[in-house]
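Written out below as structure tokens is the structure these notes cover.
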Amino acid sequence: MYRTIFIGMTGLLGFAAMAAATTPLPTQSQPGHSAIQRGLYLVKAGDCAACHTADGGKPFAGGRAVPTPFGVIYSTNITPDKDTGIGKWTEAGLYRAMHSGIDRQGNHLYPAFPYPWYTKVTPGDVRAIHAYLGTLTAVRQVDRKNKLPWPLTMRSGLAVWNKMYLKQGTFAGNANKSAPWNRGAYLVNGLGHCGACHTKKNFAGAVKTDQAFQGGMGENAFAPSLAGDMRDGLGGWTVADIVEYLKTGSNDKSSAAGPMAEVVHDSTQYLTDADLTAIGTYLKDVPRIGSKANGNEAGNNQMTQGAAVYADDCTGCHMDGGQGMAHVFPPLKGSAAIQAKKPDTIINVVLGGAAIPVTTTKPTGLKMPNFHDKLDNAQVAAVVTYIRNAWGNRASSVSAGDVADMRKQMRQKGD
Amino acid sequence: MATRLKEVDVVLVGFGLTASILAQELTDAGLQVLALERGGFRDTVPDFSTTTIQDELKYAVRHGLFEEPERETLTFRNSMDQCALPMRHLGSFLPASGAGGAAVHWNGQHWRFLPDDFVIRSHTEQRYGKKFIPENMTIQDWGVTYADLEPYYDKFDYLNGVSGQAGNIQGVIQQGGNPFEGARQRGYPNPPLKRSYPTVLFEKAAKEAGFKPFPCPASNTSRPYKNIYGVQMGECTYCGFCEWFGCGNYSKASPQTTIFPVLLKKDSFSYRTQCEVTRINLDSTGKRATGVNYVDAQGREFEQPAQIVITCAFAQHNVHLLLLSKIGKPYDPVANTGVVGRNYAYQITSAVDVFLDEILNPFMGAGALGQAIDDFNGDNFDHAPYDFIGGGYIALWTTGGRPILQHQLPEGTPKWGAGWKKALQENYLKSCSIATHGSVMSYRDSYLDLDPTWKDIYGNPLLRLTFDYHKNEHDMSNFLTDKAAVIAKAMNPRSFHPKPRKGHYSIVPYQTTHNTGGAAMGDDPRTSVVNRYLQSWDVPNLFVMGSSVFPQNAGYNPTGTIGALTYWAVDAIKNQYLKNPGPLVQV
Amino acid sequence: MANPPISRRRFLQAAALAVPAASLLGCHSDDSRKILAAANAPGPLYLSEGERHFLDAAVERLIPGDAKHPGAREAGVTTFIDRQLSGPYGMAETWYMQGPWPTGDEEQGWQSKLTPAQMYRAAIRDIQSHCQQKYGKHYEALSTDQQDDVLHGLEQGHLDLPDTSAKQFFQMLLHNTQEGFLADPMYGGNRDFAGWKLIGFPGPRYNYVAEIEQYGKPYTLPTVGLNGRTGA
């Protein structure tokens, strides 16, 4: 079962956490709020709970499996329990972890903990986060052992990794840009750690800095380009579109699916409009890099087969012309997510279904059924190829083998 | 022995439409609410997914979404001198089981009753004289008026996102709407649905015949709609699988598509499925409900204490529960005493099938996509020349063209063989049907009580239904059928085939799930079970929802009025009862 | 007539009548159809060979095939009925089946102690013995006129069956035959959309927004079933 779906389901079963959503969170810009309140807001912005809370587990007590190409890493307990959590951690200790990726005992942390981004967070914000984490209910829960092959179990190797890939340093503004741009850059590249998914990674799992935000893999989904391409980036989106998407989970161009649905649900919906506008302002300035080549072209046979599957199985919601229904079902025509460089997210959604995130502003959580039984690999490949190339869309075709691979990945993940 | 559970503020018996409205409103008022549902939980995805829901055999023919007589049924007879026998499988009506109740599988035909319907006895006596009402007819005024209910009708319209054309806004008749309707404060939230070809032909013919056709009000949304609770609905795509099916693309109003997304997030609301309530418990005075007893899926019995008990089950099941719990005096038709079970009513339907030469594509439709005339509903016409009370609408609905159950064959077609096959082939795409949907009055000999012989799986006596159509209903229905035939003829068909309702009421063929009465509302405890706020006269912390409170049935589908009455009652609970718990109407 | 081999997918659907499909399939099989290929194709689920022969003949009289359009037999209606009888319907699983069992009036509906599956068994046995007595042959060996006579006898109640109501059985057989001819092909009948193509029903399609106001125009997309354009 996908986490996205899981979230939809728990939402329906009376998700207690939603109560919190009804209170607007304080922000840095609001003076007079205590560090704790600001810390809560920053912890939301950093989406800490997403990794540090296991499915069905106690909040922030860790234990969630974070799959990486190298093995499974389990998140740690960050509640203030003195023995099993971070109750003994000082503010400086937390700063060192976030800034340099080194824990209280001096051990290197795996970069599944996004310190390559958190290094940008200011000491003042770390102080607030520390203050807030100290108010959590302490949970006694010993951290799970990671499932990594030797020699990756040797944390000392991470010193080399850090030397090669970690660029330590608190966020430095760009004086030539506006205040919102700078605030956006700080959030996107710091706590937001957007590049962790939206930027391609190298063999060592470090982001390719020369490919920033041009799209990358996150779990079994492809996190599309955030650069200014019209076809598969945010070129067609306004700042307001970005704000609506991050605030509510959908806009008239797209709906969050896969891991992004989780991000909206757990994190971005709680950000202030000012911060979301800042993020939008920054992202609208991300340049496109590289060639336009988008893989192999779709063949006629596959398009014909895909059109048939689309007509039979998809038009009930996405409509004949792929236009979707305004405010209800996302459009496929002209959608950057559909035309993303890699089709993984789309294959994943067709096989497993999807749920639009449940947010305070948009509580409905409309769902798409799964097609893993109804359609075989060739049919899924054909329909995904079709929606990526119909109505003026253009993107690489998908093979039955790609679909088989995704079924395998999803099975391994236990979806 | 029953295990006693922690008390809640409000326990709801059932988790269908009325329960969902009550839960949403009462939790908003700060109460802790629990719904006990005998069926399972169901949601759009996965239960009504577009990939699986359009299965006529599973849902329409084999009754996939309905209650199972194996667990609970009733016995039936036409008259008191017969032995009632168990309804062994469903037929004439189809109550639901499971979250969302019958509002999952309804068509979405969303009507308001006429102002006169609520005061039928006083109005009829005034206009036609006391003698106009037959002696054995036990119709009565509702204790509530259309004007009382209008704001609540309005709220329900805007909950469901009804698509339609208003006919009367604040007394001003609107072009293209139903000129006979009661005044509404504003128009419908959404414009009418697109029109199917048969409805266009009907509209033209009805006008030619001198009638006043209008698009039927539909709880199928004609465009994306965000409702009063901020819940987003889709746009109907005319797939033709509404009635007896759930909606796969969020465009038919049901608790799943209008309330659940906000309700189920509340900490103050919870529900338990596969839990069948078997008793409402009373304290030693018999004047206060202390909660309910229920049996869960494992057969364990629980006592659920509550400050307020509200029965939200299907019409006759509310009555069954009152009788089993010995609340209120059971109706005795011989002595003509008591109230619980009194004034059961139903509806009387007929059809005129129409066969044309053109392709009509009957499979393109929606549950409430239709054109109707209201010229012969209620007291919209002078009854003086006729020997009956009541009326109904005449409508051409294009709800779908599901092949097994939705095809018309010309008169005289063989029931099977080559002739049947040929007629099916030649007529499926080229036929439609005009429906009449008539009121049924209440009578001294139409009632519900406990059966002396048969028991349900919990060992409780089954409910016994004694009901038949009376002359008044047959006369009225024949009158409507004749008028429908006038319109059919004006459609210039190849042929048409009137199918009047004949003979005794039968429990076998499907007619309508508009069962009403048995816990009638009113302003006199001698003739009603609940007062005008749906509050039990005998047990003031007990309320009864749904069509069980209708004192007789009108000529419209009941859901609109059920929704309005629910909002009306919950308003009284919130704004009157909670401030001063006790009887809301003094006798 | 030899039964065509049952497709793997159909086997699954038959099995799914009793078991939720998901529990058989598991999630995200490499390709659900391939998993099914590993399963053995089943034979009949409830009916005996003799009962199938009777039904093949009877349903073909109720909906006969002709030069252009297959009838009920070719459309797989016998297989449909077989699967229905082996599932919840045949077992009257959701029906109220507690006694006592007095006879009632027609308006009071079904009052037989027999489940549909039991009624088929008893009625077919008794009809066959009637045919043996009267014609010295099994029903399926009679001329089509004789077969029709037997069906008319059942329909009108002239033919007396010892254990079942002839009228009631006939109505059930007729309904089940029409169901099998017109239900989604995944239930075993309506093979190759025989019934739907006969009448012009395009199958379960979810969107007619663009077509509903195209008055008088034929709908053009090909027939589809819940399992796609190949039907079963």
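Labels used: A, B, ... for chains in the order of the structure tokens, numbers from 1 for residues in each chain, and numbers from 1 for ligands as shown.
For A:Cys51, the non-local neighbours within 9 Å, defined as residues at least 4 positions apart in the same chain or in other chains and counting only C-alpha atoms, are A:Asp47, A:Phe60, A:Gly62, A:Gly63, A:Arg64, A:Ala65, A:Val66, A:Tyr74, A:Ser75, A:Thr76, A:Phe113.
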Go ahead and write the residues just picked, N, CA and C atoms, as an mmCIF file, in the first residue's frame.
```cif
data_model
loop_
_atom_site.group_PDB
_atom_site.id
_atom_site.type_symbol
_atom_site.label_atom_id
_atom_site.label_comp_id
_atom_site.auth_asym_id
_atom_site.auth_seq_id
_atom_site.Cartn_x
_atom_site.Cartn_y
_atom_site.Cartn_z
ATOM 1 N N ASP A 47 9.572 18.991 7.351
ATOM 2 C CA ASP A 47 8.882 17.718 7.183
ATOM 3 C C ASP A 47 9.555 16.611 7.986
ATOM 4 N N PHE A 60 7.548 11.159 15.967
ATOM 5 C CA PHE A 60 8.966 11.514 16.104
ATOM 6 C C PHE A 60 9.809 10.448 16.808
ATOM 7 N N GLY A 62 10.815 7.760 15.456
ATOM 8 C CA GLY A 62 11.676 7.106 14.473
ATOM 9 C C GLY A 62 11.197 5.723 14.091
ATOM 10 N N GLY A 63 12.088 4.969 13.415
ATOM 11 C CA GLY A 63 11.759 3.600 13.043
ATOM 12 C C GLY A 63 11.152 3.453 11.666
ATOM 13 N N ARG A 64 11.001 4.541 10.951
ATOM 14 C CA ARG A 64 10.467 4.397 9.600
ATOM 15 C C ARG A 64 11.603 3.992 8.656
ATOM 16 N N ALA A 65 11.321 2.997 7.823
ATOM 17 C CA ALA A 65 12.309 2.538 6.852
ATOM 18 C C ALA A 65 12.429 3.582 5.751
ATOM 19 N N VAL A 66 13.624 4.051 5.504
ATOM 20 C CA VAL A 66 13.866 4.965 4.399
ATOM 21 C C VAL A 66 14.654 4.189 3.350
ATOM 22 N N TYR A 74 16.949 3.197 8.790
ATOM 23 C CA TYR A 74 15.815 3.486 9.667
ATOM 24 C C TYR A 74 16.002 4.837 10.343
ATOM 25 N N SER A 75 14.943 5.612 10.356
ATOM 26 C CA SER A 75 15.030 6.918 10.986
ATOM 27 C C SER A 75 15.139 6.745 12.502
ATOM 28 N N THR A 76 15.645 7.780 13.139
ATOM 29 C CA THR A 76 15.948 7.667 14.567
ATOM 30 C C THR A 76 14.904 8.387 15.423
ATOM 31 N N PHE A 113 19.516 11.321 6.177
ATOM 32 C CA PHE A 113 19.164 12.519 6.962
ATOM 33 C C PHE A 113 19.679 13.709 6.150
#
```
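On the backbone of this structure, DSSP gives strand (DSSP E or B) within stretch 505-557 of chain B to Thr516, Met521, Val530, Gln535, Ser536, Leu542, Phe543, Val544 and Asn553 of chain B.
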Could the residues in this selection be written to a file with N, CA and C atoms, as a PDB file, in the first residue's frame?
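Result file follows (result-v2.pdb):
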```pdb
ATOM      1  N   THR B 516     -42.861   4.404   3.620  1.00  0.00           N
ATOM      2  CA  THR B 516     -42.994   5.495   4.592  1.00  0.00           C
ATOM      3  C   THR B 516     -43.890   5.088   5.759  1.00  0.00           C
ATOM      4  N   MET B 521     -45.262  11.583  12.254  1.00  0.00           N
ATOM      5  CA  MET B 521     -45.142  12.833  12.990  1.00  0.00           C
ATOM      6  C   MET B 521     -46.493  13.540  12.989  1.00  0.00           C
ATOM      7  N   VAL B 530     -44.066  10.817  16.874  1.00  0.00           N
ATOM      8  CA  VAL B 530     -43.123  11.900  17.170  1.00  0.00           C
ATOM      9  C   VAL B 530     -43.800  13.250  16.922  1.00  0.00           C
ATOM     10  N   GLN B 535     -39.311  14.314  17.617  1.00  0.00           N
ATOM     11  CA  GLN B 535     -38.984  13.868  18.976  1.00  0.00           C
ATOM     12  C   GLN B 535     -40.105  12.953  19.477  1.00  0.00           C
ATOM     13  N   SER B 536     -39.704  11.838  20.062  1.00  0.00           N
ATOM     14  CA  SER B 536     -40.700  10.902  20.586  1.00  0.00           C
ATOM     15  C   SER B 536     -41.566  11.588  21.641  1.00  0.00           C
ATOM     16  N   LEU B 542     -35.298  10.727  22.724  1.00  0.00           N
ATOM     17  CA  LEU B 542     -35.277   9.846  21.552  1.00  0.00           C
ATOM     18  C   LEU B 542     -35.882  10.593  20.369  1.00  0.00           C
ATOM     19  N   PHE B 543     -35.158  10.586  19.247  1.00  0.00           N
ATOM     20  CA  PHE B 543     -35.650  11.194  18.006  1.00  0.00           C
ATOM     21  C   PHE B 543     -35.671  10.134  16.914  1.00  0.00           C
ATOM     22  N   VAL B 544     -36.600  10.284  15.984  1.00  0.00           N
ATOM     23  CA  VAL B 544     -36.755   9.309  14.898  1.00  0.00           C
ATOM     24  C   VAL B 544     -36.623  10.042  13.557  1.00  0.00           C
ATOM     25  N   ASN B 553     -47.854   9.281   2.132  1.00  0.00           N
ATOM     26  CA  ASN B 553     -46.806   9.572   1.165  1.00  0.00           C
ATOM     27  C   ASN B 553     -47.316  10.499   0.073  1.00  0.00           C
TER      28      ASN B 553
END
```
Revision key, fill the gap. The distance between atom CA of C:Pro204 and atom CA of B:Val61 is 15.6 Å
Find the nearest atom pair between each residue of chain B and chain A for residues within 8 Å, count only C-alpha atoms, give distances in Å to one decimal, sort rows by chain and ascending number, and present the table as JSON lines.
```
{"residue": "B:Thr44", "atom": "CA", "partner": "A:Lys367", "partner_atom": "CA", "distance": 7.9}
{"residue": "B:Val45", "atom": "CA", "partner": "A:Pro369", "partner_atom": "CA", "distance": 5.9}
{"residue": "B:Pro46", "atom": "CA", "partner": "A:Pro369", "partner_atom": "CA", "distance": 6.3}
{"residue": "B:Ser49", "atom": "CA", "partner": "A:Pro369", "partner_atom": "CA", "distance": 6.1}
{"residue": "B:Thr50", "atom": "CA", "partner": "A:Gly316", "partner_atom": "CA", "distance": 7.2}
{"residue": "B:Thr51", "atom": "CA", "partner": "A:Asp313", "partner_atom": "CA", "distance": 7.0}
{"residue": "B:Pro224", "atom": "CA", "partner": "A:Val328", "partner_atom": "CA", "distance": 6.9}
{"residue": "B:Gly230", "atom": "CA", "partner": "A:Pro363", "partner_atom": "CA", "distance": 7.2}
{"residue": "B:Val231", "atom": "CA", "partner": "A:Thr364", "partner_atom": "CA", "distance": 5.3}
{"residue": "B:Gln232", "atom": "CA", "partner": "A:Thr364", "partner_atom": "CA", "distance": 5.9}
{"residue": "B:Met233", "atom": "CA", "partner": "A:Val328", "partner_atom": "CA", "distance": 7.0}
{"residue": "B:Gly234", "atom": "CA", "partner": "A:Val328", "partner_atom": "CA", "distance": 5.8}
{"residue": "B:Glu235", "atom": "CA", "partner": "A:Met325", "partner_atom": "CA", "distance": 7.3}
{"residue": "B:Thr237", "atom": "CA", "partner": "A:Gly316", "partner_atom": "CA", "distance": 6.6}
{"residue": "B:Asn249", "atom": "CA", "partner": "A:Cys317", "partner_atom": "CA", "distance": 6.2}
{"residue": "B:Phe260", "atom": "CA", "partner": "A:Leu12", "partner_atom": "CA", "distance": 7.5}
{"residue": "B:Pro261", "atom": "CA", "partner": "A:Thr364", "partner_atom": "CA", "distance": 5.1}
{"residue": "B:Val262", "atom": "CA", "partner": "A:Pro363", "partner_atom": "CA", "distance": 6.4}
{"residue": "B:Leu264", "atom": "CA", "partner": "A:Gly14", "partner_atom": "CA", "distance": 4.7}
{"residue": "B:Lys265", "atom": "CA", "partner": "A:Gly14", "partner_atom": "CA", "distance": 4.0}
{"residue": "B:Lys266", "atom": "CA", "partner": "A:Gly14", "partner_atom": "CA", "distance": 5.8}
{"residue": "B:Asp267", "atom": "CA", "partner": "A:Ala16", "partner_atom": "CA", "distance": 6.2}
{"residue": "B:Phe269", "atom": "CA", "partner": "A:Gly14", "partner_atom": "CA", "distance": 7.9}
{"residue": "B:Ser270", "atom": "CA", "partner": "A:Gly14", "partner_atom": "CA", "distance": 7.7}
```
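Atom to atom, atom CA of C:His53 and atom CA of B:Pro403 stand 26.7 Å apart.
Of the listed residues (C:Ser143, C:Arg205, C:Pro218, C:Glu213), C:Arg205 comes nearest to chain A; the distances count only C-alpha atoms.
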**Study point:** Near-A:Thr277 list (12 Å; only C-alpha atoms; drop same-chain fewer than 2 positions) as a ChimeraX atom specification
**Key:** /A:179-185,187-188,238-247,268,271-275,279-284
Which of stretch 67-230 of chain C fall in alpha helix (DSSP H), as a CSV table (one decimal) with N, CA and C atoms, in the first residue's frame:
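Resulting contents of part30.csv:
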```csv
chain,number,residue,atom,x,y,z
C,77,VAL,N,-24.4,-19.2,-22.0
C,77,VAL,CA,-25.4,-19.0,-20.9
C,77,VAL,C,-25.3,-20.2,-20.0
C,78,THR,N,-25.1,-21.4,-20.5
C,78,THR,CA,-25.0,-22.6,-19.6
C,78,THR,C,-23.9,-22.4,-18.6
C,79,THR,N,-22.8,-22.0,-19.1
C,79,THR,CA,-21.6,-21.7,-18.2
C,79,THR,C,-22.0,-20.7,-17.2
C,80,PHE,N,-22.6,-19.6,-17.7
C,80,PHE,CA,-23.1,-18.6,-16.8
C,80,PHE,C,-23.9,-19.1,-15.6
C,81,ILE,N,-24.9,-19.9,-16.0
C,81,ILE,CA,-25.9,-20.4,-15.0
C,81,ILE,C,-25.1,-21.4,-14.1
C,82,ASP,N,-24.2,-22.2,-14.6
C,82,ASP,CA,-23.4,-23.1,-13.8
C,82,ASP,C,-22.6,-22.3,-12.7
C,83,ARG,N,-22.0,-21.2,-13.1
C,83,ARG,CA,-21.2,-20.4,-12.1
C,83,ARG,C,-22.2,-19.7,-11.1
C,84,GLN,N,-23.3,-19.2,-11.6
C,84,GLN,CA,-24.2,-18.6,-10.7
C,84,GLN,C,-24.7,-19.6,-9.6
C,85,LEU,N,-25.0,-20.8,-10.1
C,85,LEU,CA,-25.6,-21.8,-9.1
C,85,LEU,C,-24.5,-22.2,-8.1
C,86,SER,N,-23.2,-22.1,-8.5
C,86,SER,CA,-22.2,-22.6,-7.6
C,86,SER,C,-21.8,-21.5,-6.6
C,116,PRO,N,-32.0,-21.9,-5.3
C,116,PRO,CA,-32.0,-22.0,-6.8
C,116,PRO,C,-31.2,-23.2,-7.3
C,117,ALA,N,-30.0,-23.5,-6.7
C,117,ALA,CA,-29.2,-24.6,-7.2
C,117,ALA,C,-30.0,-25.9,-7.0
C,118,GLN,N,-30.6,-26.1,-5.8
C,118,GLN,CA,-31.4,-27.3,-5.6
C,118,GLN,C,-32.6,-27.4,-6.5
C,119,MET,N,-33.2,-26.2,-6.8
C,119,MET,CA,-34.4,-26.2,-7.6
C,119,MET,C,-34.0,-26.6,-9.0
C,120,TYR,N,-32.9,-26.1,-9.5
C,120,TYR,CA,-32.4,-26.6,-10.9
C,120,TYR,C,-32.3,-28.1,-10.9
C,121,ARG,N,-31.6,-28.6,-9.9
C,121,ARG,CA,-31.3,-30.0,-9.9
C,121,ARG,C,-32.6,-30.8,-9.9
C,122,ALA,N,-33.5,-30.5,-9.0
C,122,ALA,CA,-34.8,-31.2,-8.9
C,122,ALA,C,-35.6,-31.1,-10.2
C,123,ALA,N,-35.7,-29.8,-10.7
C,123,ALA,CA,-36.6,-29.6,-11.8
C,123,ALA,C,-36.0,-30.3,-13.1
C,124,ILE,N,-34.7,-30.2,-13.3
C,124,ILE,CA,-34.2,-30.8,-14.5
C,124,ILE,C,-34.4,-32.3,-14.5
C,125,ARG,N,-34.2,-32.9,-13.3
C,125,ARG,CA,-34.4,-34.3,-13.2
C,125,ARG,C,-35.9,-34.7,-13.5
C,126,ASP,N,-36.8,-33.9,-13.0
C,126,ASP,CA,-38.2,-34.2,-13.2
C,126,ASP,C,-38.6,-33.9,-14.7
C,127,ILE,N,-38.1,-32.9,-15.3
C,127,ILE,CA,-38.4,-32.6,-16.7
C,127,ILE,C,-37.9,-33.7,-17.6
C,128,GLN,N,-36.7,-34.2,-17.2
C,128,GLN,CA,-36.1,-35.2,-18.1
C,128,GLN,C,-37.0,-36.5,-17.9
C,129,SER,N,-37.4,-36.8,-16.7
C,129,SER,CA,-38.2,-38.0,-16.6
C,129,SER,C,-39.6,-37.8,-17.3
C,130,HIS,N,-40.1,-36.6,-17.3
C,130,HIS,CA,-41.3,-36.3,-18.0
C,130,HIS,C,-41.1,-36.6,-19.5
C,131,CYS,N,-39.9,-36.1,-20.0
C,131,CYS,CA,-39.6,-36.3,-21.5
C,131,CYS,C,-39.4,-37.7,-21.8
C,132,GLN,N,-38.8,-38.5,-20.9
C,132,GLN,CA,-38.6,-39.9,-21.2
C,132,GLN,C,-40.0,-40.6,-21.2
C,133,GLN,N,-40.8,-40.2,-20.3
C,133,GLN,CA,-42.2,-40.9,-20.3
C,133,GLN,C,-43.0,-40.6,-21.5
C,134,LYS,N,-43.0,-39.3,-21.9
C,134,LYS,CA,-43.9,-38.8,-22.9
C,134,LYS,C,-43.3,-39.1,-24.3
C,135,TYR,N,-41.9,-38.9,-24.4
C,135,TYR,CA,-41.4,-39.0,-25.8
C,135,TYR,C,-40.3,-40.1,-25.9
C,144,THR,N,-37.2,-29.3,-32.0
C,144,THR,CA,-37.3,-28.0,-31.4
C,144,THR,C,-38.8,-27.7,-31.0
C,145,ASP,N,-39.7,-28.1,-31.8
C,145,ASP,CA,-41.1,-27.9,-31.5
C,145,ASP,C,-41.5,-28.6,-30.2
C,146,GLN,N,-41.0,-29.8,-30.1
C,146,GLN,CA,-41.3,-30.6,-28.8
C,146,GLN,C,-40.6,-29.9,-27.6
C,147,GLN,N,-39.4,-29.4,-27.8
C,147,GLN,CA,-38.8,-28.7,-26.7
C,147,GLN,C,-39.6,-27.5,-26.3
C,148,ASP,N,-40.1,-26.7,-27.3
C,148,ASP,CA,-40.9,-25.6,-27.0
C,148,ASP,C,-42.1,-25.9,-26.3
C,149,ASP,N,-42.8,-27.1,-26.7
C,149,ASP,CA,-44.0,-27.5,-26.0
C,149,ASP,C,-43.7,-27.8,-24.5
C,150,VAL,N,-42.6,-28.4,-24.2
C,150,VAL,CA,-42.2,-28.7,-22.8
C,150,VAL,C,-42.1,-27.3,-22.1
C,151,LEU,N,-41.4,-26.4,-22.7
C,151,LEU,CA,-41.2,-25.1,-22.0
C,151,LEU,C,-42.5,-24.4,-21.8
C,152,HIS,N,-43.4,-24.4,-22.8
C,152,HIS,CA,-44.7,-23.8,-22.6
C,152,HIS,C,-45.5,-24.5,-21.5
C,153,GLY,N,-45.3,-25.8,-21.4
C,153,GLY,CA,-46.0,-26.5,-20.4
C,153,GLY,C,-45.5,-26.1,-19.0
C,154,LEU,N,-44.2,-25.8,-18.9
C,154,LEU,CA,-43.7,-25.3,-17.6
C,154,LEU,C,-44.2,-23.9,-17.4
C,155,GLU,N,-44.1,-23.1,-18.4
C,155,GLU,CA,-44.4,-21.7,-18.2
C,155,GLU,C,-45.9,-21.5,-17.7
C,156,GLN,N,-46.8,-22.3,-18.3
C,156,GLN,CA,-48.2,-22.2,-18.0
C,156,GLN,C,-48.6,-23.0,-16.8
C,166,ALA,N,-43.5,-25.7,-11.4
C,166,ALA,CA,-43.0,-25.6,-12.8
C,166,ALA,C,-43.0,-24.2,-13.2
C,167,LYS,N,-44.0,-23.4,-12.8
C,167,LYS,CA,-44.0,-22.0,-13.2
C,167,LYS,C,-42.8,-21.2,-12.6
C,168,GLN,N,-42.6,-21.5,-11.4
C,168,GLN,CA,-41.5,-20.8,-10.7
C,168,GLN,C,-40.1,-21.2,-11.3
C,169,PHE,N,-40.0,-22.5,-11.6
C,169,PHE,CA,-38.7,-22.9,-12.2
C,169,PHE,C,-38.5,-22.2,-13.6
C,170,PHE,N,-39.6,-22.2,-14.3
C,170,PHE,CA,-39.5,-21.6,-15.7
C,170,PHE,C,-39.1,-20.2,-15.6
C,171,GLN,N,-39.8,-19.4,-14.7
C,171,GLN,CA,-39.4,-18.0,-14.6
C,171,GLN,C,-38.0,-17.8,-14.2
C,172,MET,N,-37.5,-18.7,-13.3
C,172,MET,CA,-36.1,-18.5,-12.8
C,172,MET,C,-35.2,-18.9,-14.0
C,173,LEU,N,-35.5,-19.9,-14.7
C,173,LEU,CA,-34.7,-20.3,-15.9
C,173,LEU,C,-34.7,-19.2,-16.9
C,174,LEU,N,-35.8,-18.6,-17.2
C,174,LEU,CA,-35.9,-17.6,-18.2
C,174,LEU,C,-35.1,-16.3,-17.7
C,175,HIS,N,-35.3,-15.9,-16.5
C,175,HIS,CA,-34.5,-14.8,-16.0
C,175,HIS,C,-33.0,-15.0,-16.0
C,176,ASN,N,-32.6,-16.2,-15.6
C,176,ASN,CA,-31.2,-16.5,-15.6
C,176,ASN,C,-30.6,-16.6,-17.0
C,177,THR,N,-31.4,-17.0,-17.9
C,177,THR,CA,-31.0,-17.1,-19.3
C,177,THR,C,-30.8,-15.7,-19.9
C,178,GLN,N,-31.7,-14.8,-19.6
C,178,GLN,CA,-31.6,-13.5,-20.1
C,178,GLN,C,-30.4,-12.8,-19.4
C,179,GLU,N,-30.3,-13.0,-18.1
C,179,GLU,CA,-29.1,-12.5,-17.4
C,179,GLU,C,-27.8,-12.9,-18.0
C,180,GLY,N,-27.7,-14.2,-18.3
C,180,GLY,CA,-26.5,-14.7,-18.9
C,180,GLY,C,-26.2,-14.2,-20.2
C,181,PHE,N,-27.2,-13.9,-21.0
C,181,PHE,CA,-27.1,-13.4,-22.3
C,181,PHE,C,-26.7,-11.9,-22.3
C,182,LEU,N,-27.1,-11.2,-21.3
C,182,LEU,CA,-26.9,-9.7,-21.2
C,182,LEU,C,-26.0,-9.2,-20.1
C,194,ALA,N,-22.0,-11.3,-27.4
C,194,ALA,CA,-23.1,-11.7,-28.3
C,194,ALA,C,-24.4,-10.9,-28.0
C,195,GLY,N,-24.7,-10.8,-26.7
C,195,GLY,CA,-26.0,-10.1,-26.3
C,195,GLY,C,-25.9,-8.6,-26.5
C,196,TRP,N,-24.8,-8.0,-26.1
C,196,TRP,CA,-24.7,-6.6,-26.2
C,196,TRP,C,-24.6,-6.1,-27.7
C,197,LYS,N,-23.9,-6.9,-28.5
C,197,LYS,CA,-23.8,-6.5,-29.9
C,197,LYS,C,-25.1,-6.6,-30.6
C,198,LEU,N,-25.9,-7.6,-30.2
C,198,LEU,CA,-27.2,-7.8,-30.8
C,198,LEU,C,-28.1,-6.5,-30.6
C,199,ILE,N,-28.0,-5.9,-29.4
C,199,ILE,CA,-28.9,-4.8,-29.1
C,199,ILE,C,-28.3,-3.5,-29.3
```
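Proximity of C:Asn207, C:Thr115, C:Ser165, C:Ser48 to chain B, computed with only C-alpha atoms, is greatest for C:Asn207.
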Exercise for review: Excluding A:Lys120 and any residue of its chain fewer than 2 positions from it, enumerate the residues within 10 Å of it, using only C-alpha atoms, and give them as JSON, numbers by chain.
Suggested key: {"A": [98, 99, 115, 116, 117, 118, 122, 123, 167, 168, 169, 170, 171, 172, 186, 187, 189, 190, 191, 193]}
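Each of A:Gly71, A:Gly57, A:Gly324, A:Gly46 was checked against chain C using only C-alpha atoms; the smallest atom-to-atom distance is that of A:Gly324.
Near chain C, counting only C-alpha atoms at 9 Å, the chain A residues are Met1, Ala308, Val309, Ala311, Asp312, Asp313, Cys314, Thr315, Gly316, Cys317, Met319, Asp320, Leu351, Gly352, His372, Asp373, Lys374, Leu375, Asp376, Asn377, Val403, Ala404, Asp405, Arg407, Lys408, Met410, Arg411 and Asp415 of chain A.
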